[in-house]
Amino acid sequence: MGIPTLVAMLVAALAVIGVLSFREEYSLFVPGLLQGAVLTLQIAVLGSLLAVVMGVLAALARLYGPAPLRWLATVYVEIFRGTSALVQLFWLFFVLPQFGVTLDAFPVAVLALGLNVGAYGSEVVRGAIQSVPRGQWEASTALNMSRPQMLRRIILPQAFIAMIPPWGNLFIELLKSTALVSLITLSDLAFRAQQMNQTTLKTVPIFTLVLLMYLVMSLAITIVMRLLERRASLGLARGRAA
Amino acid sequence: MTDQPMVRFDNVSKRYGPLTVLDGLNLDIMRGEKVSVIGPSGSGKTTVLRMLMTLEKINDGVIWVEGEPLTHMERNGKLVPADLAHVRRVRGKIGMVFQSFNLFPHMTAMQNCIEAPVTVLGMKRAEAEARAAELLGMVGLSQKKDHYPSQLSGGQQQRVAIARALAMRPKIMLFDEVTSALDPELVGEVLQVIRQIGREHDLTMLMVTHQMGFAREFSDRVCFFYQGKICEQGPPAELFGAPKNERTRQFLNAVLEAG
Ligand SMILES: Nc1ncnc2c1ncn2[C@@H]1O[C@H](COP(=O)(O)OP(=O)(O)O)[C@@H](O)[C@H]1O
Ligand SMILES: [Mg+2]
């Protein structure tokens with residue numbers, strides 16, 4: 001789907017939310033749900049940033065790090081991919097305090113989801129780096145670049161383009177898994193919806209709004225990633241068209 | 001020490017598992033000398049260049065550049081395998097042009113040519129650009145400096161690749177079948193550029209080529225490789241005019257028939 005279509009969907013979803021919030025049976029729930037949506041968005045954005053940092057670091061460590069770093073990165077990736085985000089949330093929030101480390105619920109949510117998605121992301125980064133043709137490494141070697149110079153200037157910029165679509169998927173996965181954070185006392189969008197539903201039983205308006213709000217956030221992610229992809233491949237695409 | 005070779009392969013061997021690709025290679029190349037390497041496919045020609053560019057490790061022997069070991073370094077009077085810092089110091093004297101161009105696709109022709117001078121040599125951007133503009137002019141691509149590789153023909157890409165390598169001011173240039181991936185009508189423009197840098201620069205050149213006419217006219221010496229060894233070498237007039245070795249004769253006949 002093209003960017004204009006996605007933007008049209010986003011505008012439509014926002015318009016429907018706007019129109020609905022003028023109707024009494026909906027407007028009642030809008031402020032509370034919006035508060036939840038803001039928290040969800042904060043966790044999703046910060047978690048995604050952490051995921052990118054961890055994904056890149058873990059991939060570089062596994063590909064080019066000295067043995068101890070490589071080992072550490074592998075342990076990280078296997079643990080966080082091999083156990084569920086739910087278990088990781090519980091560990092960080094309920095088990096760590098037993099060892100004397102107590103964190104607030106919000107940082108735990110960001111940490112757990114970011115580390116979880118970062119583990120998947122490291123595979124994305126690794127695959128993208130390995131997809132850069134060997135000739136690019138050889139040309140950089142022939143120009144006497146150092147390993148870090150090659151990575152920074154030649155390999156990563158090319159790998160970056162290949163990484164964008166899979167990272168977009170991971171960010172949306174992360175957004176959806178924010179619904180888990182209610183289990184560690186946070187009032188995110190999904191939690192507020194359930195709570196309102198239990199007290200008012202107005203299932204249709206509540207979950208219609210919730211659906212639209214999640215849709216707005218995931219469309220926003222998709223659009224941002226598409227724009228990024230277009231920007232990053234500008235030089236390459238320009239040539240292809242010529 | 002002016003008669004010291006620019007490049008010396010001293011009993012160099014290269015193996016891939018059980019396969020011996022180069023077997024005790026001895027080859028000296030003098031300063032400014034233009035040496036062509038010919039031979040059948042799989043005879044180890046590319047491997048010679050790749051070892052000198054340090055893209056492949058060697059299994060035996062030592063490679064020297066201007067009297068200094070490249071693959072090794074001196075420690076307490078003994079040669080030990082070189083570390084990366086040593087390799088990078090010596091490797092800076094060598095540049096290479098590849099069959100498949102290997103331009104950086106996310107950079108324009110100009111950016112391709114200034115990338116390494118700026119990041120590796122620490123040259124000022126303006127200075128690097130001036131030098132790159134000069135080189136792109138020399139290869140006839142002043143008009144194309146802001147084009148991306150995908151906007152250039154194969155011949156143009158290869159000429160950018162030559163300019164990019166020269167921008168690092170190498171003393172030795174390696175060319176590995178640099179016209180083999182080109183459409184026939186684009187071969188001439190690339191050979192013309194190589195001819196020109198051969199004339200204008202005091203470069204030592206080592207090139208693998210299937211262009212026998214070019215090798216004959218351009219080089220000071222031709223080496224015929226066969227099964228990982230230099231089977232025959234000499235001035236082009238001799239090697240092409242009166243090959244001594246039976247295998248050389250067979251190879252040249254086969255090439256002549258095909259071409
Ligand atoms: N990475 C490699 N692994 C295994 N064998 C290789 C590798 N690279 C080259 N070879 C083998 O080494 C021999 C010489 O290769 P090469 O130097 O490319 O020959 P040429 O350039 O003369 O055609 C060939 O038999 C080739 O198959
Ligand atoms: Mg070859």
# chains A, B, ... in the order shown; residues from 1 in each chain; ligands from 1
>>> closest_atom_pairs(of="chain B", to="chain A", cutoff="10 Å", atoms="only C-alpha atoms", output="tab-separated table")
residue	atom	partner	partner_atom	distance
B:Arg50	CA	A:Glu138	CA	9.4
B:Met53	CA	A:Ala142	CA	6.3
B:Thr54	CA	A:Thr141	CA	8.1
B:Leu55	CA	A:Glu138	CA	6.8
B:Leu84	CA	A:Ser146	CA	9.0
B:Ala85	CA	A:Ser146	CA	9.3
B:Val87	CA	A:Asn144	CA	9.2
B:Arg88	CA	A:Asn144	CA	6.2
B:Arg89	CA	A:Asn144	CA	8.7
B:Val90	CA	A:Asn144	CA	9.6
B:Arg91	CA	A:Asn144	CA	6.7
B:Gly92	CA	A:Asn144	CA	5.9
B:Lys93	CA	A:Asn144	CA	9.3
B:Ile94	CA	A:Ala142	CA	7.4
B:Gly95	CA	A:Ala142	CA	5.8
B:Met96	CA	A:Ala142	CA	5.9
B:Val97	CA	A:Ala139	CA	8.2
B:Phe98	CA	A:Ala139	CA	8.0
B:Ser100	CA	A:Gly135	CA	7.9
B:Phe101	CA	A:Gly135	CA	8.5
B:Asn102	CA	A:Gly135	CA	5.6
B:Leu103	CA	A:Gln136	CA	7.5
B:Phe104	CA	A:Gln136	CA	6.9
B:Pro105	CA	A:Leu236	CA	6.6
B:His106	CA	A:Gly235	CA	5.9
B:Met107	CA	A:Gly235	CA	7.4
B:Thr108	CA	A:Gly235	CA	8.1
B:Glu115	CA	A:Arg153	CA	8.4
B:Ala116	CA	A:Leu143	CA	6.1
B:Pro117	CA	A:Leu143	CA	8.6
B:Thr119	CA	A:Gln149	CA	7.3
B:Val120	CA	A:Met145	CA	5.9
B:Leu121	CA	A:Asn144	CA	9.3
B:His147	CA	A:Gly239	CA	8.1
B:Tyr148	CA	A:Gly239	CA	6.3
B:Pro149	CA	A:Gly239	CA	7.4
B:Ser150	CA	A:Gly239	CA	4.7
B:Gln151	CA	A:Gly239	CA	4.6
B:Leu152	CA	A:Gly239	CA	8.3
B:Ala161	CA	A:Ala139	CA	9.3
B:Arg164	CA	A:Leu143	CA	8.5
B:Ala165	CA	A:Leu143	CA	6.9
B:Leu166	CA	A:Leu143	CA	9.7
B:Ala167	CA	A:Leu143	CA	9.3
B:Met168	CA	A:Leu143	CA	7.1
B:Pro170	CA	A:Leu143	CA	9.6
B:Leu174	CA	A:Ala142	CA	9.8
>>> residues_around(residues="Gly137 in chain B", least_positions_apart="6", cutoff="12 Å", atoms="only C-alpha atoms", output="list in words")
Ala109, Met110, Glu129, Ala130, Arg131, Gln143, Lys144, Lys145, Arg159, Val160, Ile162, Ala163 and Val193 of chain B
>>> write_last_selection(atoms="C-alpha atoms", output="PDB file, in the first residue's frame")
ATOM      1  CA  ALA B 109      30.687   9.274  -8.077  1.00  0.00           C
ATOM      2  CA  MET B 110      32.249  12.211  -6.221  1.00  0.00           C
ATOM      3  CA  GLU B 129      37.031  17.136  -3.668  1.00  0.00           C
ATOM      4  CA  ALA B 130      39.506  19.098  -5.727  1.00  0.00           C
ATOM      5  CA  ARG B 131      41.642  16.029  -6.226  1.00  0.00           C
ATOM      6  CA  GLN B 143      29.770  15.729 -16.004  1.00  0.00           C
ATOM      7  CA  LYS B 144      28.789  12.664 -13.995  1.00  0.00           C
ATOM      8  CA  LYS B 145      30.259  13.500 -10.610  1.00  0.00           C
ATOM      9  CA  ARG B 159      36.164   4.521 -14.677  1.00  0.00           C
ATOM     10  CA  VAL B 160      34.817   5.940 -11.395  1.00  0.00           C
ATOM     11  CA  ILE B 162      39.666   3.649 -11.186  1.00  0.00           C
ATOM     12  CA  ALA B 163      39.457   7.297 -10.112  1.00  0.00           C
ATOM     13  CA  VAL B 193      41.927   5.249 -19.207  1.00  0.00           C
TER      14      VAL B 193
END
>>> select_by_dssp(residues="range 11-123 of chain B", states="alpha helix (DSSP H)", output="list in words")
Lys45, Thr46, Thr47, Val48, Leu49, Arg50, Met51, Leu52, Leu84, Ala85, His86, Val87, Arg88, Arg89, Val90, Arg91, Ala109, Met110, Gln111, Asn112, Cys113, Ile114, Glu115, Ala116, Pro117, Val118 and Thr119 of chain B
>>> residues_near_ligand(ligand="ligand 2", cutoff="12 Å", atoms="only C-alpha atoms and all ligand atoms", output="count of residues only")
30
>>> closest_residue(among="B:Leu22, B:Leu70, B:Val7, B:Leu182", to="Val35 in chain B", atoms="only C-alpha atoms")
B:Val7
>>> residues_around(residues="Val110 in chain A", least_positions_apart="4", cutoff="10 Å", atoms="only C-alpha atoms", output="list in words")
Gln42, Ile43, Ala44, Val45, Leu46, Gly47, Ser48, Leu49, Leu50, Ala51, Leu89, Ala105, Phe106, Gly114, Leu115, Asn116, Thr178 and Val181 of chain A
>>> atom_distance(atom1="CA of Thr185 in chain A", atom2="CA of Arg81 in chain A")
24.0 Å
>>> closest_residue(among="B:Gln227, B:Gly32, B:His86, B:Gly67", to="ligand 1", atoms="only C-alpha atoms and all ligand atoms")
B:Gln227
>>> atom_distance(atom1="atom 10 (N, counted along the ligand's line) of ligand 1", atom2="CA of Asn59 in chain B")
13.8 Å
>>> residues_around(residues="Asp28 in chain B", least_positions_apart="4", cutoff="8 Å", atoms="only C-alpha atoms", output="ChimeraX atom specification")
/B:5-9
>>> residues_around(residues="Ala112 in chain A", least_positions_apart="6", cutoff="8 Å", atoms="only C-alpha atoms", output="ChimeraX atom specification")
/A:85,88-89,92
>>> closest_residue(among="B:Leu19, B:Met138, B:Val65, B:Leu239", to="ligand 1", atoms="only C-alpha atoms and all ligand atoms")
B:Leu19
>>> select_by_dssp(residues="range 106-176 of chain B", states="strand (DSSP E)", output="CSV table (one decimal) with N, CA, C and O atoms, in the first residue's frame")
chain,number,residue,atom,x,y,z
B,172,ILE,N,51.1,1.2,-6.2
B,172,ILE,CA,50.8,-0.1,-7.0
B,172,ILE,C,49.4,-0.2,-7.3
B,172,ILE,O,48.5,0.0,-6.4
B,173,MET,N,49.0,-0.4,-8.5
B,173,MET,CA,47.6,-0.6,-8.9
B,173,MET,C,47.4,-2.0,-9.4
B,173,MET,O,48.1,-2.5,-10.3
B,174,LEU,N,46.3,-2.6,-8.9
B,174,LEU,CA,46.0,-4.0,-9.3
B,174,LEU,C,44.6,-3.9,-10.1
B,174,LEU,O,43.7,-3.3,-9.7
B,175,PHE,N,44.6,-4.6,-11.2
B,175,PHE,CA,43.4,-4.6,-12.1
B,175,PHE,C,43.0,-6.1,-12.3
B,175,PHE,O,43.8,-6.8,-12.9
B,176,ASP,N,41.9,-6.5,-11.9
B,176,ASP,CA,41.5,-7.9,-12.1
B,176,ASP,C,40.4,-8.0,-13.1
B,176,ASP,O,39.2,-7.7,-12.8
>>> residues_around(residues="Gly121 in chain A", least_positions_apart="4", cutoff="12 Å", atoms="only C-alpha atoms", output="mmCIF file with C-alpha atoms, in the first residue's frame")
data_model
loop_
_atom_site.group_PDB
_atom_site.id
_atom_site.type_symbol
_atom_site.label_atom_id
_atom_site.label_comp_id
_atom_site.auth_asym_id
_atom_site.auth_seq_id
_atom_site.Cartn_x
_atom_site.Cartn_y
_atom_site.Cartn_z
ATOM 1 C CA SER A 48 11.251 0.746 20.433
ATOM 2 C CA LEU A 49 14.214 3.054 20.924
ATOM 3 C CA LEU A 50 15.704 0.662 23.450
ATOM 4 C CA ALA A 51 15.017 -2.243 21.089
ATOM 5 C CA VAL A 52 16.931 -0.558 18.265
ATOM 6 C CA VAL A 53 19.905 0.215 20.493
ATOM 7 C CA MET A 54 19.976 -3.333 21.871
ATOM 8 C CA GLY A 55 19.388 -4.904 18.455
ATOM 9 C CA VAL A 56 22.281 -3.055 16.844
ATOM 10 C CA LEU A 57 24.655 -3.607 19.761
ATOM 11 C CA ALA A 58 23.832 -7.305 20.041
ATOM 12 C CA ALA A 59 24.189 -7.850 16.297
ATOM 13 C CA LEU A 60 27.552 -6.062 16.127
ATOM 14 C CA TYR A 76 20.948 -12.074 25.806
ATOM 15 C CA VAL A 77 19.331 -12.908 22.477
ATOM 16 C CA PHE A 80 14.874 -12.817 25.550
ATOM 17 C CA ARG A 81 13.721 -14.630 22.424
ATOM 18 C CA LEU A 113 9.461 -4.875 26.032
ATOM 19 C CA GLY A 114 12.533 -3.110 24.651
ATOM 20 C CA LEU A 115 14.863 -5.966 25.584
ATOM 21 C CA ASN A 116 12.415 -8.524 24.255
ATOM 22 C CA VAL A 117 11.980 -6.890 20.867
ATOM 23 C CA VAL A 125 20.253 -6.286 11.979
ATOM 24 C CA ARG A 126 22.517 -9.283 11.551
ATOM 25 C CA GLY A 127 20.672 -10.491 8.467
ATOM 26 C CA ALA A 128 20.730 -7.027 6.919
ATOM 27 C CA MET A 163 16.314 -3.304 8.027
ATOM 28 C CA ILE A 164 13.518 -0.764 7.872
ATOM 29 C CA PRO A 165 10.534 -2.953 6.881
ATOM 30 C CA PRO A 166 11.257 -5.742 9.405
ATOM 31 C CA TRP A 167 11.833 -3.161 12.152
ATOM 32 C CA GLY A 168 8.422 -1.670 11.278
ATOM 33 C CA ASN A 169 6.855 -5.065 11.962
ATOM 34 C CA LEU A 170 8.706 -5.363 15.247
ATOM 35 C CA PHE A 171 7.583 -1.903 16.389
ATOM 36 C CA GLU A 173 4.473 -6.123 17.631
ATOM 37 C CA LEU A 174 5.848 -4.073 20.493
#
>>> residues_around(residues="Gln233 in chain B", least_positions_apart="4", cutoff="6 Å", atoms="only C-alpha atoms", output="list of chain:residue names")
B:Val222, B:Cys223, B:Phe224
>>> decode(residues="range 92-109 of chain B", atoms="N, CA and C atoms", output="compact mmCIF listing (two decimals), in the first residue's frame")
# COMPACT_ATOMS: atom_id res chain seq x y z
N GLY B 92 48.38 0.57 2.39
CA GLY B 92 48.05 1.90 1.85
C GLY B 92 48.75 2.21 0.55
N LYS B 93 49.80 1.48 0.23
CA LYS B 93 50.52 1.73 -1.02
C LYS B 93 49.86 1.06 -2.21
N ILE B 94 48.83 0.25 -1.94
CA ILE B 94 48.24 -0.58 -2.99
C ILE B 94 46.79 -0.19 -3.22
N GLY B 95 46.39 -0.13 -4.49
CA GLY B 95 44.99 0.08 -4.82
C GLY B 95 44.52 -1.02 -5.76
N MET B 96 43.20 -1.24 -5.80
CA MET B 96 42.72 -2.34 -6.65
C MET B 96 41.42 -1.95 -7.34
N VAL B 97 41.30 -2.42 -8.58
CA VAL B 97 40.05 -2.25 -9.33
C VAL B 97 39.51 -3.64 -9.64
N PHE B 98 38.20 -3.82 -9.40
CA PHE B 98 37.61 -5.15 -9.46
C PHE B 98 36.82 -5.35 -10.75
N GLN B 99 36.65 -6.61 -11.08
CA GLN B 99 35.86 -6.96 -12.25
C GLN B 99 34.43 -6.42 -12.13
N SER B 100 33.88 -6.50 -10.92
CA SER B 100 32.47 -6.10 -10.73
C SER B 100 32.34 -4.68 -10.16
N PHE B 101 33.31 -3.84 -10.39
CA PHE B 101 33.34 -2.42 -10.02
C PHE B 101 33.33 -2.19 -8.51
N ASN B 102 32.29 -2.74 -7.83
CA ASN B 102 32.15 -2.57 -6.38
C ASN B 102 32.14 -1.11 -5.94
N LEU B 103 31.49 -0.27 -6.71
CA LEU B 103 31.30 1.10 -6.22
C LEU B 103 30.32 1.07 -5.05
N PHE B 104 30.38 2.11 -4.20
CA PHE B 104 29.44 2.20 -3.09
C PHE B 104 28.13 2.76 -3.64
N PRO B 105 27.05 1.95 -3.63
CA PRO B 105 25.84 2.35 -4.35
C PRO B 105 25.09 3.51 -3.70
N HIS B 106 25.39 3.76 -2.41
CA HIS B 106 24.65 4.83 -1.73
C HIS B 106 25.39 6.17 -1.81
N MET B 107 26.45 6.21 -2.63
CA MET B 107 27.23 7.44 -2.75
C MET B 107 27.35 7.82 -4.23
N THR B 108 27.41 9.13 -4.49
CA THR B 108 27.62 9.59 -5.86
C THR B 108 29.06 9.28 -6.27
N ALA B 109 29.33 9.50 -7.57
CA ALA B 109 30.69 9.27 -8.08
C ALA B 109 31.69 10.08 -7.25
